[in-house]
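Structure file coords.txt (compact mmCIF, C-alpha atoms) is printed below.
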```txt
# COMPACT_ATOMS: atom_id res chain seq x y z
CA MET A 1 0.00 0.00 0.00
CA PRO A 2 1.50 3.41 -0.94
CA THR A 3 2.53 5.73 1.88
CA ALA A 4 1.12 9.23 2.35
CA ALA A 5 4.37 10.68 0.99
CA GLN A 6 4.03 8.56 -2.16
CA LEU A 7 0.35 9.41 -2.60
CA THR A 8 1.15 13.13 -2.45
CA GLY A 9 4.10 12.94 -4.82
CA ARG A 10 6.81 13.69 -2.27
CA ASP A 11 8.36 10.21 -2.51
CA ASP A 12 9.01 8.50 -5.84
CA THR A 13 10.28 5.14 -4.61
CA HIS A 14 7.09 3.42 -5.81
CA VAL A 15 7.69 4.15 -9.52
CA ILE A 16 10.16 2.85 -12.11
CA PRO A 17 11.36 4.24 -15.46
CA VAL A 18 9.34 3.11 -18.48
CA GLY A 19 11.17 5.03 -21.21
CA GLY A 20 10.89 8.54 -22.57
CA GLY A 21 11.44 10.05 -19.13
CA HIS A 22 8.21 8.53 -17.83
CA ARG A 23 7.67 6.54 -14.64
CA LEU A 24 4.94 4.22 -13.39
CA CYS A 25 4.40 1.66 -10.62
CA PRO A 26 5.77 -1.75 -11.73
CA PRO A 27 2.36 -3.48 -12.12
CA VAL A 28 1.08 -0.48 -14.08
CA ALA A 29 4.11 -0.55 -16.35
CA GLU A 30 3.54 -4.24 -17.05
CA ALA A 31 -0.15 -3.74 -17.81
CA PHE A 32 0.61 -0.77 -20.04
CA ARG A 33 3.08 -2.79 -22.09
CA ALA A 34 0.36 -5.40 -22.63
CA LEU A 35 -2.09 -2.69 -23.72
CA GLN A 36 0.57 -1.27 -26.04
CA ALA A 37 1.04 -4.67 -27.67
CA ASP A 38 -2.69 -5.00 -28.26
CA ALA A 39 -2.83 -1.49 -29.68
CA ARG A 40 0.08 -2.20 -32.02
CA ALA A 41 -1.69 -5.27 -33.32
CA ALA A 42 -4.69 -3.03 -34.06
CA GLY A 43 -2.55 -0.48 -35.93
CA PHE A 44 -1.89 2.07 -33.18
CA GLU A 45 1.35 3.18 -31.51
CA LEU A 46 0.12 3.84 -27.98
CA ALA A 47 2.48 6.23 -26.18
CA ILE A 48 2.66 8.16 -22.92
CA ALA A 49 2.33 11.93 -22.91
CA SER A 50 2.45 12.24 -19.10
CA SER A 51 2.84 9.75 -16.26
CA PHE A 52 4.16 10.14 -12.70
CA ARG A 53 4.39 13.77 -11.65
CA ASP A 54 5.96 14.72 -8.35
CA PHE A 55 4.62 17.23 -5.85
CA ASP A 56 7.13 19.97 -6.67
CA ARG A 57 6.22 19.82 -10.36
CA GLN A 58 2.49 20.02 -9.60
CA LEU A 59 3.12 22.90 -7.19
CA ALA A 60 5.07 24.79 -9.84
CA ILE A 61 2.23 24.33 -12.35
CA PHE A 62 -0.45 25.46 -9.91
CA ASN A 63 1.45 28.43 -8.50
CA GLY A 64 2.55 29.53 -11.95
CA LYS A 65 -1.04 29.65 -13.11
CA ALA A 66 -2.22 31.40 -9.95
CA ARG A 67 0.43 34.10 -10.43
CA GLY A 68 -0.39 34.58 -14.10
CA GLU A 69 2.96 33.16 -15.18
CA ARG A 70 1.48 30.12 -16.95
CA PRO A 71 -1.46 30.06 -19.35
CA VAL A 72 -4.94 29.18 -18.14
CA HIS A 73 -7.64 28.20 -20.63
CA ASP A 74 -11.39 27.82 -20.58
CA ASP A 75 -13.38 24.86 -21.94
CA ARG A 76 -13.19 26.24 -25.48
CA GLY A 77 -9.41 26.53 -25.31
CA ALA A 78 -9.47 30.32 -25.09
CA ALA A 79 -6.91 32.01 -22.84
CA VAL A 80 -8.17 33.24 -19.48
CA ASP A 81 -6.71 36.41 -17.94
CA ILE A 82 -6.27 35.13 -14.41
CA THR A 83 -5.31 38.62 -13.18
CA GLY A 84 -8.79 39.84 -14.07
CA LEU A 85 -10.54 37.27 -11.89
CA THR A 86 -11.20 37.10 -8.20
CA PRO A 87 -9.12 34.48 -6.36
CA GLU A 88 -12.24 32.31 -6.10
CA GLN A 89 -12.83 32.52 -9.86
CA GLY A 90 -9.16 31.98 -10.60
CA LEU A 91 -9.02 28.90 -8.40
CA ALA A 92 -12.02 27.38 -10.19
CA ALA A 93 -10.47 28.11 -13.60
CA ILE A 94 -7.19 26.45 -12.64
CA LEU A 95 -8.70 23.38 -10.99
CA ARG A 96 -10.83 22.73 -14.06
CA PHE A 97 -7.67 21.49 -15.80
CA SER A 98 -4.87 21.28 -13.20
CA ALA A 99 -4.92 19.34 -9.95
CA LEU A 100 -4.39 20.88 -6.55
CA PRO A 101 -0.83 19.94 -5.51
CA GLY A 102 -0.85 16.78 -3.41
CA THR A 103 -4.15 15.56 -4.89
CA SER A 104 -3.10 14.64 -8.44
CA ARG A 105 -3.69 11.03 -9.48
CA HIS A 106 -0.42 11.36 -11.39
CA HIS A 107 1.36 11.28 -8.01
CA TRP A 108 0.28 7.67 -7.55
CA GLY A 109 2.13 6.12 -10.48
CA THR A 110 -1.14 4.53 -11.58
CA ASP A 111 -2.33 7.19 -14.03
CA LEU A 112 -1.09 8.37 -17.39
CA ASP A 113 -2.09 10.45 -20.40
CA VAL A 114 -1.84 8.69 -23.76
CA TYR A 115 -1.82 9.37 -27.50
CA ASP A 116 -1.10 7.62 -30.81
CA VAL A 117 2.39 8.32 -32.16
CA ALA A 118 1.49 6.86 -35.54
CA ALA A 119 -1.37 9.32 -36.08
CA VAL A 120 0.72 12.50 -36.19
CA PRO A 121 3.98 13.78 -37.73
CA ALA A 122 7.19 13.31 -35.75
CA ASP A 123 7.33 17.02 -34.91
CA TYR A 124 3.73 17.20 -33.71
CA ARG A 125 3.27 18.72 -30.26
CA VAL A 126 0.62 16.85 -28.30
CA GLN A 127 -1.80 19.27 -26.66
CA LEU A 128 -4.15 16.90 -24.80
CA THR A 129 -7.28 18.72 -25.92
CA PRO A 130 -10.80 17.53 -26.79
CA GLU A 131 -10.15 18.43 -30.44
CA GLU A 132 -7.44 15.77 -30.59
CA VAL A 133 -9.47 12.89 -29.18
CA TYR A 134 -12.86 13.27 -30.87
CA PRO A 135 -13.54 13.01 -34.63
CA PRO A 136 -11.94 14.28 -36.78
CA GLY A 137 -9.01 14.63 -34.34
CA PRO A 138 -5.84 12.58 -34.89
CA PHE A 139 -6.32 10.41 -31.80
CA ALA A 140 -10.05 9.77 -32.15
CA ALA A 141 -9.57 6.31 -33.65
CA LEU A 142 -7.30 5.23 -30.81
CA HIS A 143 -9.85 6.28 -28.21
CA GLU A 144 -12.70 4.59 -30.03
CA TRP A 145 -10.59 1.42 -29.94
CA LEU A 146 -9.96 1.96 -26.22
CA ASP A 147 -13.70 2.46 -25.68
CA ALA A 148 -14.34 -0.97 -27.17
CA ARG A 149 -11.57 -2.62 -25.14
CA MET A 150 -12.89 -1.13 -21.89
CA ALA A 151 -16.45 -2.14 -22.67
CA ALA A 152 -15.27 -5.69 -23.31
CA GLY A 153 -13.15 -5.81 -20.15
CA GLU A 154 -10.01 -6.19 -22.27
CA SER A 155 -8.16 -2.98 -21.41
CA HIS A 156 -5.73 -4.66 -18.95
CA GLY A 157 -7.23 -2.75 -16.02
CA PHE A 158 -7.16 0.74 -17.54
CA TYR A 159 -10.24 2.96 -17.43
CA ARG A 160 -11.06 6.66 -17.54
CA PRO A 161 -11.72 8.41 -14.19
CA TYR A 162 -12.58 11.68 -15.95
CA ALA A 163 -14.81 10.35 -18.72
CA GLY A 164 -17.72 12.71 -18.03
CA ASP A 165 -18.28 16.29 -16.95
CA ARG A 166 -19.49 16.54 -13.35
CA GLY A 167 -18.86 20.27 -13.07
CA GLY A 168 -15.38 19.89 -11.59
CA VAL A 169 -12.46 18.56 -13.59
CA ALA A 170 -13.02 18.84 -17.34
CA PRO A 171 -13.45 15.51 -19.16
CA GLU A 172 -10.06 13.99 -20.03
CA ARG A 173 -10.48 11.23 -22.56
CA TRP A 174 -6.70 10.81 -22.76
CA HIS A 175 -6.32 10.13 -19.02
CA LEU A 176 -6.13 6.43 -18.16
CA SER A 177 -5.97 4.98 -14.66
CA TYR A 178 -4.96 1.47 -13.66
CA ALA A 179 -7.98 0.51 -11.60
CA PRO A 180 -6.52 -2.46 -9.63
CA LEU A 181 -4.12 -0.08 -7.84
CA ALA A 182 -5.80 3.30 -8.21
CA ARG A 183 -8.98 2.23 -6.43
CA ALA A 184 -6.91 1.54 -3.31
CA CYS A 185 -5.36 5.02 -3.46
CA GLU A 186 -8.59 6.99 -3.70
CA GLY A 187 -9.68 8.93 -0.64
CA ARG A 188 -6.52 8.25 1.34
CA VAL A 189 -5.16 11.82 1.26
CA GLY A 190 -6.95 14.18 3.60
CA VAL A 191 -6.62 17.63 5.09
CA ARG A 192 -3.78 16.75 7.46
CA GLU A 193 -1.61 15.25 4.72
CA LEU A 194 -2.24 18.17 2.39
CA ARG A 195 -1.41 20.79 5.00
CA GLU A 196 1.85 19.00 5.64
CA CYS A 197 2.65 19.10 1.92
CA TRP A 198 1.84 22.72 1.31
CA GLY A 199 3.72 24.43 4.10
CA ASP A 200 3.97 28.09 3.12
CA GLY A 201 4.51 27.32 -0.54
CA LEU A 202 0.97 27.20 -1.94
CA VAL A 203 -0.46 30.34 -3.51
CA TRP A 204 -3.97 31.07 -2.16
CA ARG A 205 -3.48 28.57 0.65
CA ASP A 206 -5.90 30.37 2.98
CA LEU A 207 -8.60 30.33 0.31
CA VAL A 208 -7.95 26.68 -0.52
CA GLU A 209 -8.13 25.65 3.14
CA SER A 210 -11.35 27.58 3.72
CA GLU A 211 -13.02 25.67 0.85
CA LEU A 212 -11.09 22.42 1.09
CA ASP A 213 -13.92 19.95 1.75
CA ALA A 214 -15.89 21.31 -1.20
CA LEU A 215 -12.82 21.37 -3.43
CA LEU A 216 -11.98 17.76 -2.65
CA ALA A 217 -15.54 16.70 -3.41
CA ARG A 218 -15.73 18.67 -6.65
CA TYR A 219 -12.23 18.34 -8.10
CA VAL A 220 -10.65 15.26 -6.54
CA ALA A 221 -13.35 12.66 -5.97
CA VAL A 222 -14.40 10.64 -9.02
CA PRO A 223 -17.66 8.72 -9.51
CA PRO A 224 -17.60 5.24 -7.93
CA ASP A 225 -18.54 3.64 -11.25
CA TRP A 226 -15.57 5.04 -13.20
CA CYS A 227 -14.38 1.44 -13.52
CA PRO A 228 -15.97 -1.98 -12.99
CA ALA A 229 -16.27 -3.07 -9.36
```

Just give me the structure of the file as C-alpha cells.
Amino acid sequence: MPTAAQLTGRDDTHVIPVGGGHRLCPPVAEAFRALQADARAAGFELAIASSFRDFDRQLAIFNGKARGERPVHDDRGAAVDITGLTPEQGLAAILRFSALPGTSRHHWGTDLDVYDVAAVPADYRVQLTPEEVYPPGPFAALHEWLDARMAAGESHGFYRPYAGDRGGVAPERWHLSYAPLARACEGRVGVRELRECWGDGLVWRDLVESELDALLARYVAVPPDWCPA
C-alpha cells in the first residue's frame, strides 16, 4: 500500500522508469506494455504523454497559473486572464484542468495520459485537448478502440476516471488509470496530509483551506462507477 508521501508525490520510490522520461508503478508498467502490444496489433502506436508527476512539479504548475505566469484556458481553449478574476474565480479556472498539488492522481504512479504516435507527424506537439481525441481529431480512432476494449473488459485494467463532466475537472479522454491499484489510493489523502505538503509554498493557501472539503468533493473525488467493481 502506498505511503502518504508517495500518494502526495513527495516520494518516488514506488515508480520505475518506463522510457521517454516517464515513470509508473511496476504493475502499471507491465499492464501498459500489454495494452501497447494489443494497440500495435490493431494499428496504433500507444504512447505516454504524461505519467508520474511529483509534488514539486504540480506545485510549480499550480502556483505559476495562480500568479499569471502560466497560461490558463477555458473549456473552449481560449486564454483566461487570471489577473482579471477574483481568487475564487481563478481557483475554479485552474482546478478545471490542473490538480491541486498533493491531490493529483499522477502522483500515484497509476495514471497516465496517452496518445497515438502513428497518427501525427514526428514534430507534432501533443496538446491533450478535446479536439485531438474526438472526430476528426488525430487520436479519435485510438480512443474509439480503447472504448471498445474497456467495454469488453479487455483494457488490462485501464479505465477513464474523468470520462464525463461533473462540473469539476473537465473531461479527459486521454487520461487512463490502472484501476486495480488506483482504487486503493482513492480517498486516502486528507486535510492533514495536504497541509503537511503545502507548508507556506501554496499560492492562495488560505482560500484553498477555507473551501477544502468542497474542493476535494468537486475536483478530486471521481464517480464510484468510473471502472468496474

Practice problem: Could you check which of A:Met150, A:Leu46, A:Cys197, A:Leu176 is closest to Pro228 (chain A), using all atoms listed in the file? | Solution: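 Selected residue with least distance to Pro228 (chain A): A:Met150.
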
Quiz item: So how far away is CA of Gly19 (chain A) from CA of Leu146 (chain A), in Å?
Solution: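 Answer for the CA of Leu146 (chain A) to CA of Gly19 (chain A) separation: 21.9 Å.
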
Exercise. Could you please determine the separation between CA of Cys227 (chain A) and CA of Ala29 (chain A) in Å, to one decimal place?
Key: 18.8 Å

Quiz prompt | Nearest candidate to Phe32 (chain A) (options A:Ala118, A:Asp56, A:Tyr159, A:Thr86; using only C-alpha atoms) | solution =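 So, comparing all the options, the nearest one is A:Tyr159.
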
Self-check item: Distance of CA of Phe55 (chain A) from CA of His107 (chain A), expressed in Å to one decimal place
Solution: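 Atom-to-atom, CA of His107 (chain A) and CA of Phe55 (chain A) are spaced 7.1 Å apart.
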
Can you tell me, as lines of an AutoDock Vina configuration file, the centre and edge lengths (Å, one decimal) of the axis-aligned box enclosing all of region 129-135 of chain A's listed atoms after padding each side by 3 Å?
```
center_x = -10.4
center_y = 15.8
center_z = -30.3
size_x = 12.3
size_y = 11.8
size_z = 14.7
```

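Each of A:Val169, A:Ala179, A:Ala93, A:Leu194 was compared to Pro224 (chain A) using all atoms listed in the file, and A:Ala179 turns out to be the nearest.
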
Quiz item: Taking into account all atoms listed in the file, which residue in the set A:Gly157, A:Ala49, A:Tyr162, A:Ala229 is nearest to Leu181 (chain A)?
Solution: A:Gly157

Quiz item: Taking only C-alpha atoms into account, which of A:Arg173, A:His143, A:Lys65, A:Arg23 comes nearest Asp81 (chain A)?
Solution: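 Using only C-alpha atoms, Asp81 (chain A) sits closest to A:Lys65.
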
Exercise. Please provide as a list in words all residues within 7 Å of Trp108 (chain A), with the sequence filter that same-chain residues fewer than 6 positions apart are discarded (counting only C-alpha atoms).
Key: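 The residues satisfying every condition are Gln6, Leu7 and Phe52 of chain A.
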
Practice problem: Excluding Gln58 (chain A) and any residue of its chain fewer than 5 positions from it, enumerate the residues within 8 Å of it, using only C-alpha atoms, and give them as a count of residues only. | Solution: 6

Quiz prompt | Sel. within 12 Å of pt (3.8, 6.2, -37.0), counting only C-alpha atoms, output as a list in words | solution =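 Those residues, ordered by chain and then number, are Arg40, Gly43, Phe44, Glu45, Leu46, Ala47, Tyr115, Asp116, Val117, Ala118, Ala119, Val120, Pro121, Ala122, Asp123, Tyr124 and Pro138 of chain A.
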
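Minimum atom-to-atom distance to Ala31 (chain A), evaluated using only C-alpha atoms, belongs to A:Ser155 out of A:Ser155, A:Thr8, A:Thr103, A:Ser50.
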
Practice problem: For region 182-185 of chain A, please output as a list in words all residues within 8 Å (counting all atoms listed in the file; exclusion window: fewer than 5 positions along the same chain). | Solution: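 With the cut-off at 8 Å, the set is Met1, Pro2, Leu7, Trp108, Thr110, Asp111 and Ser177 of chain A.
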
Self-check item: Glu69 (chain A) environment, 12 Å, only C-alpha atoms, sequence neighbours closer than 3 positions dropped, as a ChimeraX atom specification
Solution: /A:60-66,72,80-83

Exercise. Please write as an MDAnalysis selection string the list of polymer residues whose atoms come within 8 Å of (-8.5, 5.8, -26.3), counting only C-alpha atoms and keeping to the coordinates of the file.
Key: chainID A and resid 114:115 133 139:147 173:174

Practice problem: Tell me, as a PyMOL selection string, which residues lie within 12 Å of Asp213 (chain A), counting only C-alpha atoms; anything in the same chain fewer than 4 positions away does not count. | Solution: chain A and resi 189-191+194+207-209+217-221

Output the selection as a short mmCIF file (atom, residue, chain, number, x, y, z; two decimals), in the coordinates of the input - C-alpha atoms for each residue.
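Contents of the output file selection.cif:
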```cif
data_model
loop_
_atom_site.label_atom_id
_atom_site.label_comp_id
_atom_site.auth_asym_id
_atom_site.auth_seq_id
_atom_site.Cartn_x
_atom_site.Cartn_y
_atom_site.Cartn_z
CA VAL A 189 -5.16 11.82 1.26
CA GLY A 190 -6.95 14.18 3.60
CA VAL A 191 -6.62 17.63 5.09
CA LEU A 194 -2.24 18.17 2.39
CA LEU A 207 -8.60 30.33 0.31
CA VAL A 208 -7.95 26.68 -0.52
CA GLU A 209 -8.13 25.65 3.14
CA ALA A 217 -15.54 16.70 -3.41
CA ARG A 218 -15.73 18.67 -6.65
CA TYR A 219 -12.23 18.34 -8.10
CA VAL A 220 -10.65 15.26 -6.54
CA ALA A 221 -13.35 12.66 -5.97
#
```

Serialized region 188-202 of chain A w/ N, CA, C and O atoms as a PDB file, in the first residue's frame:
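Result written to decode_18.pdb:
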```
ATOM      1  N   ARG A 188      -7.466   8.484   0.244  1.00  0.00           N
ATOM      2  CA  ARG A 188      -6.519   8.254   1.340  1.00  0.00           C
ATOM      3  C   ARG A 188      -5.702   9.486   1.702  1.00  0.00           C
ATOM      4  O   ARG A 188      -4.928   9.455   2.661  1.00  0.00           O
ATOM      5  N   VAL A 189      -5.848  10.569   0.945  1.00  0.00           N
ATOM      6  CA  VAL A 189      -5.157  11.822   1.259  1.00  0.00           C
ATOM      7  C   VAL A 189      -6.186  12.815   1.767  1.00  0.00           C
ATOM      8  O   VAL A 189      -7.147  13.149   1.060  1.00  0.00           O
ATOM      9  N   GLY A 190      -6.001  13.258   2.996  1.00  0.00           N
ATOM     10  CA  GLY A 190      -6.946  14.177   3.605  1.00  0.00           C
ATOM     11  C   GLY A 190      -6.318  15.510   3.948  1.00  0.00           C
ATOM     12  O   GLY A 190      -5.207  15.836   3.522  1.00  0.00           O
ATOM     13  N   VAL A 191      -7.039  16.282   4.752  1.00  0.00           N
ATOM     14  CA  VAL A 191      -6.620  17.634   5.089  1.00  0.00           C
ATOM     15  C   VAL A 191      -5.259  17.650   5.776  1.00  0.00           C
ATOM     16  O   VAL A 191      -4.391  18.473   5.452  1.00  0.00           O
ATOM     17  N   ARG A 192      -5.045  16.745   6.716  1.00  0.00           N
ATOM     18  CA  ARG A 192      -3.780  16.749   7.457  1.00  0.00           C
ATOM     19  C   ARG A 192      -2.597  16.529   6.528  1.00  0.00           C
ATOM     20  O   ARG A 192      -1.579  17.233   6.608  1.00  0.00           O
ATOM     21  N   GLU A 193      -2.705  15.549   5.638  1.00  0.00           N
ATOM     22  CA  GLU A 193      -1.608  15.251   4.717  1.00  0.00           C
ATOM     23  C   GLU A 193      -1.349  16.412   3.760  1.00  0.00           C
ATOM     24  O   GLU A 193      -0.199  16.728   3.453  1.00  0.00           O
ATOM     25  N   LEU A 194      -2.413  17.064   3.321  1.00  0.00           N
ATOM     26  CA  LEU A 194      -2.242  18.172   2.387  1.00  0.00           C
ATOM     27  C   LEU A 194      -1.604  19.384   3.066  1.00  0.00           C
ATOM     28  O   LEU A 194      -0.727  20.036   2.493  1.00  0.00           O
ATOM     29  N   ARG A 195      -2.023  19.671   4.274  1.00  0.00           N
ATOM     30  CA  ARG A 195      -1.410  20.791   4.999  1.00  0.00           C
ATOM     31  C   ARG A 195       0.085  20.556   5.194  1.00  0.00           C
ATOM     32  O   ARG A 195       0.895  21.486   5.089  1.00  0.00           O
ATOM     33  N   GLU A 196       0.444  19.336   5.471  1.00  0.00           N
ATOM     34  CA  GLU A 196       1.853  18.996   5.642  1.00  0.00           C
ATOM     35  C   GLU A 196       2.622  19.222   4.341  1.00  0.00           C
ATOM     36  O   GLU A 196       3.761  19.687   4.361  1.00  0.00           O
ATOM     37  N   CYS A 197       2.005  18.895   3.219  1.00  0.00           N
ATOM     38  CA  CYS A 197       2.655  19.095   1.917  1.00  0.00           C
ATOM     39  C   CYS A 197       2.873  20.572   1.612  1.00  0.00           C
ATOM     40  O   CYS A 197       3.941  20.982   1.166  1.00  0.00           O
ATOM     41  N   TRP A 198       1.834  21.356   1.808  1.00  0.00           N
ATOM     42  CA  TRP A 198       1.839  22.715   1.311  1.00  0.00           C
ATOM     43  C   TRP A 198       2.800  23.637   2.049  1.00  0.00           C
ATOM     44  O   TRP A 198       3.433  24.490   1.429  1.00  0.00           O
ATOM     45  N   GLY A 199       2.911  23.487   3.357  1.00  0.00           N
ATOM     46  CA  GLY A 199       3.724  24.426   4.104  1.00  0.00           C
ATOM     47  C   GLY A 199       3.296  25.848   3.798  1.00  0.00           C
ATOM     48  O   GLY A 199       2.109  26.164   3.784  1.00  0.00           O
ATOM     49  N   ASP A 200       4.274  26.707   3.499  1.00  0.00           N
ATOM     50  CA  ASP A 200       3.970  28.090   3.124  1.00  0.00           C
ATOM     51  C   ASP A 200       4.102  28.292   1.618  1.00  0.00           C
ATOM     52  O   ASP A 200       4.127  29.437   1.150  1.00  0.00           O
ATOM     53  N   GLY A 201       4.180  27.188   0.874  1.00  0.00           N
ATOM     54  CA  GLY A 201       4.506  27.321  -0.539  1.00  0.00           C
ATOM     55  C   GLY A 201       3.345  27.410  -1.501  1.00  0.00           C
ATOM     56  O   GLY A 201       3.549  27.642  -2.694  1.00  0.00           O
ATOM     57  N   LEU A 202       2.118  27.227  -1.031  1.00  0.00           N
ATOM     58  CA  LEU A 202       0.973  27.197  -1.936  1.00  0.00           C
ATOM     59  C   LEU A 202       0.333  28.572  -2.054  1.00  0.00           C
ATOM     60  O   LEU A 202      -0.096  29.155  -1.063  1.00  0.00           O
TER      61      LEU A 202
END
```
